[in-house]
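Below is the file my_file04.cif, which contains mmCIF, C-alpha atoms and all ligand atoms.
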data_start
#
loop_
_atom_site.label_atom_id
_atom_site.label_comp_id
_atom_site.auth_asym_id
_atom_site.auth_seq_id
_atom_site.Cartn_x
_atom_site.Cartn_y
_atom_site.Cartn_z
CA MET E 381 130.28 106.59 107.80
CA PRO E 382 131.70 105.61 104.40
CA THR E 383 131.86 108.33 101.77
CA LEU E 384 130.50 107.58 98.33
CA THR E 385 131.85 109.43 95.30
CA ILE E 386 129.37 110.01 92.48
CA ALA E 387 130.53 111.19 89.06
CA THR E 388 128.19 113.70 87.41
CA ARG E 389 128.03 116.16 84.54
CA LYS E 390 128.00 119.81 85.58
CA SER E 391 124.94 121.13 83.75
CA PRO E 392 122.10 122.40 85.96
CA LEU E 393 119.91 119.49 84.83
CA ALA E 394 122.64 116.89 85.47
CA LEU E 395 123.35 118.31 88.93
CA ALA E 396 119.63 118.30 89.79
CA GLN E 397 119.45 114.64 88.76
CA THR E 398 122.60 113.60 90.58
CA ASN E 399 121.39 115.35 93.72
CA MET E 400 118.20 113.24 93.54
CA VAL E 401 120.32 110.07 93.48
CA ALA E 402 122.56 111.35 96.28
CA ALA E 403 119.53 112.19 98.44
CA ALA E 404 118.01 108.74 97.87
CA LEU E 405 121.25 106.91 98.73
CA HIS E 406 121.88 109.09 101.76
CA GLU E 407 118.35 108.46 103.00
CA LEU E 408 118.38 104.69 102.37
CA LEU E 409 121.96 103.81 103.30
CA GLY E 410 123.18 106.72 105.39
CA PHE E 411 126.25 107.25 103.23
CA ASP E 412 127.98 110.60 103.08
CA ILE E 413 128.09 111.61 99.46
CA GLN E 414 130.66 113.55 97.52
CA LEU E 415 129.90 114.67 93.98
CA MET E 416 132.63 114.58 91.36
CA PRO E 417 131.58 117.01 88.59
CA ILE E 418 133.16 116.19 85.23
CA VAL E 419 133.07 118.11 81.96
CA THR E 420 132.28 115.72 79.10
CA THR E 421 133.19 116.06 75.44
CA GLY E 422 129.54 116.84 74.74
CA ASP E 423 129.60 119.71 77.23
CA LYS E 424 132.76 121.18 75.69
CA GLN E 425 131.59 120.92 72.10
CA THR E 426 128.38 122.92 72.39
CA ALA E 427 128.81 123.93 68.75
CA TRP E 428 128.38 120.33 67.65
CA SER E 429 125.01 118.99 66.85
CA LEU E 430 124.68 115.70 68.71
CA GLU E 431 122.71 114.24 65.82
CA LYS E 432 125.30 115.22 63.20
CA ARG E 433 128.36 114.11 65.12
CA GLY E 434 126.82 110.77 66.01
CA GLY E 435 128.40 109.61 69.25
CA LYS E 436 125.83 109.16 71.97
CA GLY E 437 128.71 108.46 74.34
CA LEU E 438 129.62 112.16 74.11
CA PHE E 439 127.97 112.89 77.45
CA THR E 440 128.93 109.67 79.24
CA LYS E 441 132.49 108.62 78.38
CA GLU E 442 134.44 110.75 80.87
CA LEU E 443 132.13 109.70 83.71
CA GLU E 444 132.57 106.05 82.76
CA GLN E 445 136.35 106.51 82.74
CA ALA E 446 136.21 107.81 86.33
CA LEU E 447 134.30 104.66 87.35
CA LEU E 448 136.65 102.31 85.54
CA GLU E 449 139.70 103.96 87.11
CA GLY E 450 138.18 103.75 90.61
CA ARG E 451 138.04 107.53 91.05
CA ALA E 452 134.26 107.33 91.47
CA ASP E 453 131.93 104.67 92.94
CA LEU E 454 128.87 105.51 90.86
CA ALA E 455 128.02 107.65 87.84
CA VAL E 456 124.65 109.28 87.17
CA HIS E 457 123.36 109.77 83.63
CA SER E 458 120.19 110.74 81.83
CA ALA E 459 119.32 107.20 80.71
CA LYS E 460 118.37 108.68 77.34
CA ASP E 461 121.98 109.77 76.75
CA LEU E 462 123.43 106.27 77.34
CA PRO E 463 124.41 104.22 74.29
CA GLY E 464 122.55 100.91 73.89
CA ASP E 465 125.40 98.69 75.05
CA GLN E 466 127.21 99.14 78.33
CA PRO E 467 130.99 99.45 78.01
CA GLU E 468 133.13 96.50 79.11
CA GLY E 469 133.52 96.53 82.89
CA LEU E 470 130.44 98.61 83.73
CA GLU E 471 126.76 97.93 84.36
CA ILE E 472 123.60 99.77 85.30
CA ALA E 473 122.91 99.47 89.03
CA GLY E 474 119.37 100.78 88.61
CA TYR E 475 117.12 103.71 87.85
CA LEU E 476 115.22 106.25 89.90
CA PRO E 477 111.43 106.13 89.40
CA ARG E 478 110.77 107.54 85.96
CA ALA E 479 109.32 111.06 85.76
CA ASP E 480 106.80 112.29 83.14
CA PRO E 481 108.18 110.73 79.93
CA ARG E 482 106.37 113.03 77.47
CA ASP E 483 107.77 115.77 75.29
CA VAL E 484 106.42 119.31 75.55
CA LEU E 485 105.86 121.55 72.53
CA ILE E 486 106.66 125.09 73.62
CA VAL E 487 104.96 127.68 71.42
CA ARG E 488 105.11 131.48 71.50
CA ASP E 489 101.82 132.94 72.76
CA GLY E 490 99.26 133.65 70.06
CA ILE E 491 100.52 131.06 67.58
CA GLU E 492 98.22 128.14 66.82
CA ALA E 493 100.22 126.07 64.29
CA PRO E 494 103.96 126.89 64.42
CA ALA E 495 105.52 127.63 61.02
CA THR E 496 109.06 127.07 62.33
CA ILE E 497 110.05 124.57 65.00
CA ALA E 498 113.54 124.55 66.49
CA THR E 499 114.72 121.01 67.23
CA SER E 500 117.57 119.01 65.78
CA SER E 501 116.22 115.64 66.93
CA PRO E 502 115.16 113.54 63.91
CA ARG E 503 112.66 111.71 66.15
CA ARG E 504 110.97 114.97 67.12
CA ARG E 505 111.16 116.45 63.62
CA LEU E 506 109.50 113.52 61.89
CA GLN E 507 106.69 113.14 64.41
CA LEU E 508 105.97 116.89 64.53
CA GLY E 509 106.01 116.89 60.74
CA MET E 510 102.96 114.63 60.84
CA LEU E 511 101.22 117.00 63.27
CA TYR E 512 102.24 120.19 61.42
CA PRO E 513 102.87 119.24 57.76
CA ASP E 514 103.71 122.84 56.76
CA ALA E 515 106.25 123.45 59.52
CA GLU E 516 109.92 124.04 58.78
CA PHE E 517 112.64 122.93 61.15
CA THR E 518 115.63 124.83 62.47
CA GLU E 519 118.35 124.13 65.01
CA ILE E 520 118.55 125.51 68.54
CA ARG E 521 121.35 125.20 71.09
CA GLY E 522 122.15 126.23 74.61
CA ASN E 523 120.72 125.31 77.98
CA VAL E 524 117.00 125.27 78.69
CA ASP E 525 116.73 128.94 79.78
CA THR E 526 118.58 130.10 76.69
CA ARG E 527 116.34 128.06 74.42
CA LEU E 528 113.16 129.39 75.98
CA ARG E 529 114.42 132.96 75.70
CA LYS E 530 115.33 132.41 72.05
CA ILE E 531 111.72 131.42 71.29
CA ALA E 532 109.99 133.99 73.53
CA HIS E 533 112.15 137.05 72.71
CA ASP E 534 114.53 136.44 69.81
CA HIS E 535 111.90 134.72 67.62
CA VAL E 536 114.47 132.24 66.25
CA ALA E 537 111.45 129.98 65.67
CA ASP E 538 107.77 129.81 66.65
CA ALA E 539 108.28 126.73 68.80
CA THR E 540 110.70 124.23 70.29
CA VAL E 541 110.41 120.87 72.04
CA LEU E 542 111.80 119.81 75.41
CA ALA E 543 111.34 116.79 77.64
CA ALA E 544 108.78 117.33 80.41
CA ALA E 545 111.12 115.55 82.83
CA GLY E 546 113.98 117.96 82.25
CA LEU E 547 111.70 120.99 82.63
CA GLY E 548 110.24 119.51 85.80
CA ARG E 549 113.62 118.84 87.38
CA LEU E 550 114.65 122.43 86.66
CA GLY E 551 111.43 123.65 88.27
CA ILE E 552 110.19 125.22 85.02
CA GLY E 553 106.41 124.84 84.75
CA GLY E 554 105.81 127.76 82.39
CA TRP E 555 107.49 130.82 80.88
CA GLU E 556 106.34 134.38 80.23
CA GLY E 557 105.15 134.66 76.61
CA LEU E 558 105.20 130.90 75.95
CA GLU E 559 102.54 128.21 75.95
CA PHE E 560 103.52 124.68 77.05
CA ARG E 561 101.62 121.92 75.20
CA VAL E 562 102.29 118.44 76.55
CA LEU E 563 102.33 115.93 73.68
CA GLY E 564 100.55 112.59 74.20
CA PHE E 565 102.16 109.32 73.11
CA GLU E 566 99.67 109.08 70.21
CA SER E 567 101.33 112.10 68.59
CA MET E 568 104.91 111.95 69.98
CA VAL E 569 106.58 108.73 71.10
CA PRO E 570 109.36 109.58 73.58
CA ALA E 571 113.00 108.62 73.11
CA VAL E 572 114.28 105.34 74.51
CA ALA E 573 114.66 105.75 78.31
CA GLN E 574 113.38 109.33 78.31
CA ALA E 575 112.79 110.71 81.81
CA ALA E 576 114.72 107.89 83.53
CA ILE E 577 117.85 108.60 85.58
CA ALA E 578 120.39 105.77 85.34
CA VAL E 579 122.93 104.95 88.02
CA GLN E 580 125.98 103.14 86.68
CA CYS E 581 128.57 101.11 88.58
CA ARG E 582 131.43 98.68 87.94
CA ALA E 583 130.39 95.26 86.62
CA GLY E 584 129.56 92.87 89.45
CA GLU E 585 128.72 95.62 91.95
CA GLY E 586 125.16 96.25 90.76
CA ALA E 587 123.45 93.69 93.01
CA ALA E 588 124.63 95.59 96.09
CA TRP E 589 122.73 98.69 94.97
CA ALA E 590 119.63 97.02 93.54
CA LYS E 591 117.40 97.62 96.57
CA CYS E 592 117.93 101.37 96.30
CA PHE E 593 116.40 101.66 92.86
CA HIS E 594 113.09 101.23 91.06
CA PRO E 595 112.37 97.79 89.52
CA THR E 596 109.38 98.89 87.42
CA THR E 597 111.43 101.59 85.73
CA SER E 598 114.27 99.07 85.13
CA ARG E 599 111.97 96.53 83.49
CA ARG E 600 110.41 99.04 81.12
CA VAL E 601 113.57 100.95 80.28
CA GLU E 602 115.55 97.74 79.69
CA LEU E 603 112.94 96.70 77.11
CA GLU E 604 113.19 100.10 75.41
CA ARG E 605 116.98 99.81 75.42
CA ALA E 606 116.78 96.35 73.84
CA PHE E 607 115.07 97.89 70.79
CA GLN E 608 117.83 100.49 70.56
CA THR E 609 120.59 97.89 70.85
CA GLN E 610 119.05 95.58 68.25
CA LEU E 611 118.42 98.39 65.79
CA GLY E 612 121.99 99.56 66.37
CA GLY E 613 121.17 102.95 64.90
CA GLY E 614 122.64 105.56 67.21
CA CYS E 615 121.05 108.96 67.14
CA HIS E 616 120.80 109.30 63.36
CA THR E 617 117.79 107.01 63.32
CA ALA E 618 114.51 108.59 64.20
CA LEU E 619 113.52 106.10 66.88
CA GLY E 620 110.95 106.47 69.64
CA VAL E 621 110.17 103.61 72.02
CA HIS E 622 108.11 103.89 75.15
CA VAL E 623 106.87 101.05 77.37
CA THR E 624 103.99 101.52 79.82
CA SER E 625 102.41 98.88 82.09
CA ASP E 626 100.59 97.30 79.15
CA THR E 627 101.49 99.07 75.90
CA LEU E 628 104.41 99.44 73.53
CA TRP E 629 104.55 102.83 71.80
CA PHE E 630 106.86 102.74 68.82
CA PHE E 631 107.96 105.25 66.21
CA HIS E 632 110.47 104.61 63.45
CA ASP E 633 111.17 106.32 60.17
CA GLY E 634 109.48 104.12 57.59
CA VAL E 635 107.25 102.30 60.07
CA GLY E 636 105.46 105.32 61.48
CA LEU E 637 103.78 105.53 64.85
CA ARG E 638 102.39 102.29 66.28
CA SER E 639 100.98 101.11 69.58
CA LEU E 640 100.61 97.46 70.54
CA PRO E 641 99.56 95.61 73.69
CA LEU E 642 102.36 94.21 75.89
CA SER E 643 102.07 91.48 78.52
CA ASP E 644 104.09 91.31 81.75
CA ALA E 645 105.87 88.24 80.37
CA GLU E 646 106.89 90.20 77.27
CA ILE E 647 108.20 93.07 79.38
CA ASP E 648 110.28 90.59 81.40
CA THR E 649 112.02 89.12 78.32
CA PRO E 650 113.39 92.25 76.65
CA HIS E 651 115.69 90.62 74.12
CA ASP E 652 113.10 88.18 72.77
CA THR E 653 110.32 90.75 72.84
CA SER E 654 112.22 93.45 70.95
CA ALA E 655 113.33 90.85 68.37
CA LYS E 656 109.73 89.70 67.93
CA PHE E 657 108.31 93.20 67.51
CA LEU E 658 111.11 94.34 65.18
CA ALA E 659 110.38 91.31 62.98
CA HIS E 660 106.69 92.23 63.09
CA PHE E 661 107.56 95.76 61.93
CA GLY E 662 109.82 94.41 59.18
CA LEU E 663 112.92 95.92 60.80
CA SER E 664 115.01 92.81 61.49
CA ASN E 665 118.59 92.98 60.20
N1 LIG E 701 118.38 115.40 74.59
C1 LIG E 701 119.12 115.70 75.77
C2 LIG E 701 118.41 115.31 77.02
N2 LIG E 701 118.77 114.19 77.68
C3 LIG E 701 117.99 114.08 78.81
C4 LIG E 701 117.13 115.18 78.84
C5 LIG E 701 116.23 115.47 79.97
C6 LIG E 701 115.02 114.65 80.16
C7 LIG E 701 115.16 113.17 80.27
O1 LIG E 701 115.65 112.64 81.30
O2 LIG E 701 114.73 112.51 79.33
C8 LIG E 701 117.39 115.98 77.70
C9 LIG E 701 116.75 117.23 77.31
C10 LIG E 701 115.58 117.12 76.35
O3 LIG E 701 115.55 116.20 75.51
O4 LIG E 701 114.68 117.97 76.38
#

How does this structure look as structure tokens?
Ligand SMILES: NCc1[nH]cc(CCC(=O)O)c1CC(=O)O
Amino acid sequence: MPTLTIATRKSPLALAQTNMVAAALHELLGFDIQLMPIVTTGDKQTAWSLEKRGGKGLFTKELEQALLEGRADLAVHSAKDLPGDQPEGLEIAGYLPRADPRDVLIVRDGIEAPATIATSSPRRRLQLGMLYPDAEFTEIRGNVDTRLRKIAHDHVADATVLAAAGLGRLGIGGWEGLEFRVLGFESMVPAVAQAAIAVQCRAGEGAAWAKCFHPTTSRRVELERAFQTQLGGGCHTALGVHVTSDTLWFFHDGVGLRSLPLSDAEIDTPHDTSAKFLAHFGLSN
């Protein structure tokens, strides 16, 4: 039986996600799987704020290097952490079926409207600012457990925001002293590719893996990623894009929160569709 080497980050969430990919490939193809855990720049520099230091590739570069050098056969990423364009020589083989794409507002028990919300994401800050106009924003760092403890016990803020998918994959459905409020798309548009797990391979090898992955997730996420690529913003721009079977949910600083109907044909032509909608929003460069 051939052994497949999969590059992964080492965080508990990354390992949970990579194990899902490994289980799927083992089940479908019978491969033995070996994980290659890699510490990325983003993992080392926990003191950096991702938003301030720019660089979305912070969590992906070292894994991509392992693929390019032939040390790994596949790399698994949170699709949300991937930059818009794929690096030369690599492509996305596919995605696992997307989990719950919504964000969750996590509020200390007894608080109705949080006065302080800990999140450094401009996308989350701007949209929550419309929901809670009097709220002030602070930063929060550390893994998910640490963040929840900081809200429940240390009172660093009244609330924070985390992706439902990440919480779900860590098996966290609630927390003593905290209330979990799932935010609908009409009040919080998710990040591009939120809740999707991307499997990356060397360019030209993707077709061999295609049958293992989820075409519906690919179609929708590739349209979301087309908006990100065309806007070219990186993580400084407050951008939310989420595609469902028939609707585009869009949030952008200056445009606000919008939802528009989407046809199957539009979903299948991501480049043209994102160009058309960005022109409609007045965001064409
Ligand atoms: N921002 C970092 C990040 N990248 C991917 C996830 C996990 C969920 C997902 O796959 O979208 C998270 C945590 C979060 O935003 O709460």

What are the closest atom pairs, with distances in Å to one decimal, for each residue of chain E lying within 7 Å of ligand LIG 701 (chain E), using all atoms listed in the file, rows by chain and rising residue number, as JSON lines?
{"residue": "E:Ser458", "atom": "CA", "partner": "E:LIG701", "partner_atom": "O1", "distance": 4.9}
{"residue": "E:Ala459", "atom": "CA", "partner": "E:LIG701", "partner_atom": "O1", "distance": 6.6}
{"residue": "E:Lys460", "atom": "CA", "partner": "E:LIG701", "partner_atom": "N2", "distance": 5.5}
{"residue": "E:Asp461", "atom": "CA", "partner": "E:LIG701", "partner_atom": "N2", "distance": 5.5}
{"residue": "E:Pro481", "atom": "CA", "partner": "E:LIG701", "partner_atom": "O2", "distance": 6.8}
{"residue": "E:Val541", "atom": "CA", "partner": "E:LIG701", "partner_atom": "O4", "distance": 6.7}
{"residue": "E:Leu542", "atom": "CA", "partner": "E:LIG701", "partner_atom": "O4", "distance": 3.6}
{"residue": "E:Ala543", "atom": "CA", "partner": "E:LIG701", "partner_atom": "O4", "distance": 3.8}
{"residue": "E:Ala544", "atom": "CA", "partner": "E:LIG701", "partner_atom": "C6", "distance": 6.8}
{"residue": "E:Ala545", "atom": "CA", "partner": "E:LIG701", "partner_atom": "C6", "distance": 4.8}
{"residue": "E:Gly546", "atom": "CA", "partner": "E:LIG701", "partner_atom": "C6", "distance": 4.1}
{"residue": "E:Ala573", "atom": "CA", "partner": "E:LIG701", "partner_atom": "O2", "distance": 6.8}
{"residue": "E:Gln574", "atom": "CA", "partner": "E:LIG701", "partner_atom": "O2", "distance": 3.6}
{"residue": "E:Ala575", "atom": "CA", "partner": "E:LIG701", "partner_atom": "O1", "distance": 3.5}
{"residue": "E:Ala576", "atom": "CA", "partner": "E:LIG701", "partner_atom": "O1", "distance": 5.3}
{"residue": "E:Ile577", "atom": "CA", "partner": "E:LIG701", "partner_atom": "O1", "distance": 6.3}

Residue among E:Arg549, E:Arg521, E:Arg503, E:His533 lying closest to Ala618 in chain E, counting only C-alpha atoms: E:Arg503

Mind running range 565-652 of chain E against range 397-421 of chain E at 12 Å and telling me each contacting residue's nearest atom pair with the distance in Å (one decimal), counting all atoms listed in the file, chain and number ascending, as JSON lines?
{"residue": "E:Ala575", "atom": "CA", "partner": "E:Gln397", "partner_atom": "CA", "distance": 10.4}
{"residue": "E:Ala576", "atom": "CA", "partner": "E:Gln397", "partner_atom": "CA", "distance": 9.8}
{"residue": "E:Ile577", "atom": "CA", "partner": "E:Gln397", "partner_atom": "CA", "distance": 7.0}
{"residue": "E:Ala578", "atom": "CA", "partner": "E:Val401", "partner_atom": "CA", "distance": 9.2}
{"residue": "E:Val579", "atom": "CA", "partner": "E:Val401", "partner_atom": "CA", "distance": 7.9}
{"residue": "E:Gln580", "atom": "CA", "partner": "E:Val401", "partner_atom": "CA", "distance": 11.2}
{"residue": "E:Ala588", "atom": "CA", "partner": "E:Leu409", "partner_atom": "CA", "distance": 11.3}
{"residue": "E:Trp589", "atom": "CA", "partner": "E:Leu405", "partner_atom": "CA", "distance": 9.2}
{"residue": "E:Ala590", "atom": "CA", "partner": "E:Leu405", "partner_atom": "CA", "distance": 11.3}
{"residue": "E:Lys591", "atom": "CA", "partner": "E:Leu408", "partner_atom": "CA", "distance": 9.2}
{"residue": "E:Cys592", "atom": "CA", "partner": "E:Leu405", "partner_atom": "CA", "distance": 6.9}
{"residue": "E:Phe593", "atom": "CA", "partner": "E:Ala404", "partner_atom": "CA", "distance": 8.8}
{"residue": "E:His594", "atom": "CA", "partner": "E:Ala404", "partner_atom": "CA", "distance": 11.3}

Taking C-alpha atoms for each residue, export the selection above as a PDB file, in the frame of the given file.
ATOM      1  CA  ALA E 575     112.790 110.710  81.810  1.00  0.00           C
ATOM      2  CA  ALA E 576     114.720 107.890  83.530  1.00  0.00           C
ATOM      3  CA  ILE E 577     117.850 108.600  85.580  1.00  0.00           C
ATOM      4  CA  ALA E 578     120.390 105.770  85.340  1.00  0.00           C
ATOM      5  CA  VAL E 579     122.930 104.950  88.020  1.00  0.00           C
ATOM      6  CA  GLN E 580     125.980 103.140  86.680  1.00  0.00           C
ATOM      7  CA  ALA E 588     124.630  95.590  96.090  1.00  0.00           C
ATOM      8  CA  TRP E 589     122.730  98.690  94.970  1.00  0.00           C
ATOM      9  CA  ALA E 590     119.630  97.020  93.540  1.00  0.00           C
ATOM     10  CA  LYS E 591     117.400  97.620  96.570  1.00  0.00           C
ATOM     11  CA  CYS E 592     117.930 101.370  96.300  1.00  0.00           C
ATOM     12  CA  PHE E 593     116.400 101.660  92.860  1.00  0.00           C
ATOM     13  CA  HIS E 594     113.090 101.230  91.060  1.00  0.00           C
TER      14      HIS E 594
END

Spatial sel., origin (111.5, 106.4, 90.6), limit 7 Å, all atoms listed in the file, listed as a list in words: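 Within 7 Å of (111.5, 106.4, 90.6), the protein and nucleic acid residues are Tyr475, Leu476, Pro477, Arg478, His594 and Thr597 of chain E.
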
Exercise: Phe630 in chain E partners within 9 Å, all atoms listed in the file, chain neighbours under 5 positions left out, as a list in words: Val569, Pro570, Leu619, Gly620, Val621, His622, Val623, Val635, Gly636, Leu637, Arg638, Ser639 and Leu640 of chain E

Deliver the residues from the most recent selection as a file, using C-alpha atoms, as a PDB file, in the frame of the given file.
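Done, and the output landed in out-v1.pdb:
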ATOM      1  CA  VAL E 569     106.580 108.730  71.100  1.00  0.00           C
ATOM      2  CA  PRO E 570     109.360 109.580  73.580  1.00  0.00           C
ATOM      3  CA  LEU E 619     113.520 106.100  66.880  1.00  0.00           C
ATOM      4  CA  GLY E 620     110.950 106.470  69.640  1.00  0.00           C
ATOM      5  CA  VAL E 621     110.170 103.610  72.020  1.00  0.00           C
ATOM      6  CA  HIS E 622     108.110 103.890  75.150  1.00  0.00           C
ATOM      7  CA  VAL E 623     106.870 101.050  77.370  1.00  0.00           C
ATOM      8  CA  VAL E 635     107.250 102.300  60.070  1.00  0.00           C
ATOM      9  CA  GLY E 636     105.460 105.320  61.480  1.00  0.00           C
ATOM     10  CA  LEU E 637     103.780 105.530  64.850  1.00  0.00           C
ATOM     11  CA  ARG E 638     102.390 102.290  66.280  1.00  0.00           C
ATOM     12  CA  SER E 639     100.980 101.110  69.580  1.00  0.00           C
ATOM     13  CA  LEU E 640     100.610  97.460  70.540  1.00  0.00           C
TER      14      LEU E 640
END

Selected residue, from E:Ile531, E:Leu447, E:Met568, E:Leu438, that lies nearest to Lys424 in chain E when counting all atoms listed in the file: E:Leu438

Exercise: Ala655 in chain E partners within 8 Å, all atoms listed in the file, chain neighbours under 4 positions left out, as a list in words: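 Near Ala655 in chain E, the qualifying residues are Phe607, Gln610, His651, Ala659 and Ser664 of chain E.
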
Limited to C-alpha atoms, could you put the picked residues into a file as a tab-separated table (two decimals), in the frame of the given file?
chain	number	residue	atom	x	y	z
E	607	PHE	CA	115.07	97.89	70.79
E	610	GLN	CA	119.05	95.58	68.25
E	651	HIS	CA	115.69	90.62	74.12
E	659	ALA	CA	110.38	91.31	62.98
E	664	SER	CA	115.01	92.81	61.49

Separation of CA of Asp453 in chain E from CA of Ala479 in chain E, in Å and rounded to one decimal: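 Separation between CA of Asp453 in chain E and CA of Ala479 in chain E: 24.6 Å.
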
One-decimal distance in Å that lies between CA of Leu462 in chain E and CA of Gly662 in chain E: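 According to the coordinates, CA of Gly662 in chain E and CA of Leu462 in chain E are separated by 25.6 Å.
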
Point-to-point distance from CA of Glu516 in chain E to CA of His535 in chain E, Å rounded to tenths: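 Atom-to-atom, CA of Glu516 in chain E to CA of His535 in chain E, that is 14.0 Å.
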
Counting all atoms listed in the file, the option among E:Ala515, E:Leu642, E:Leu611, E:Ala532 closest to Leu658 in chain E: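 For Leu658 in chain E, the nearest of the given residues is E:Leu611.
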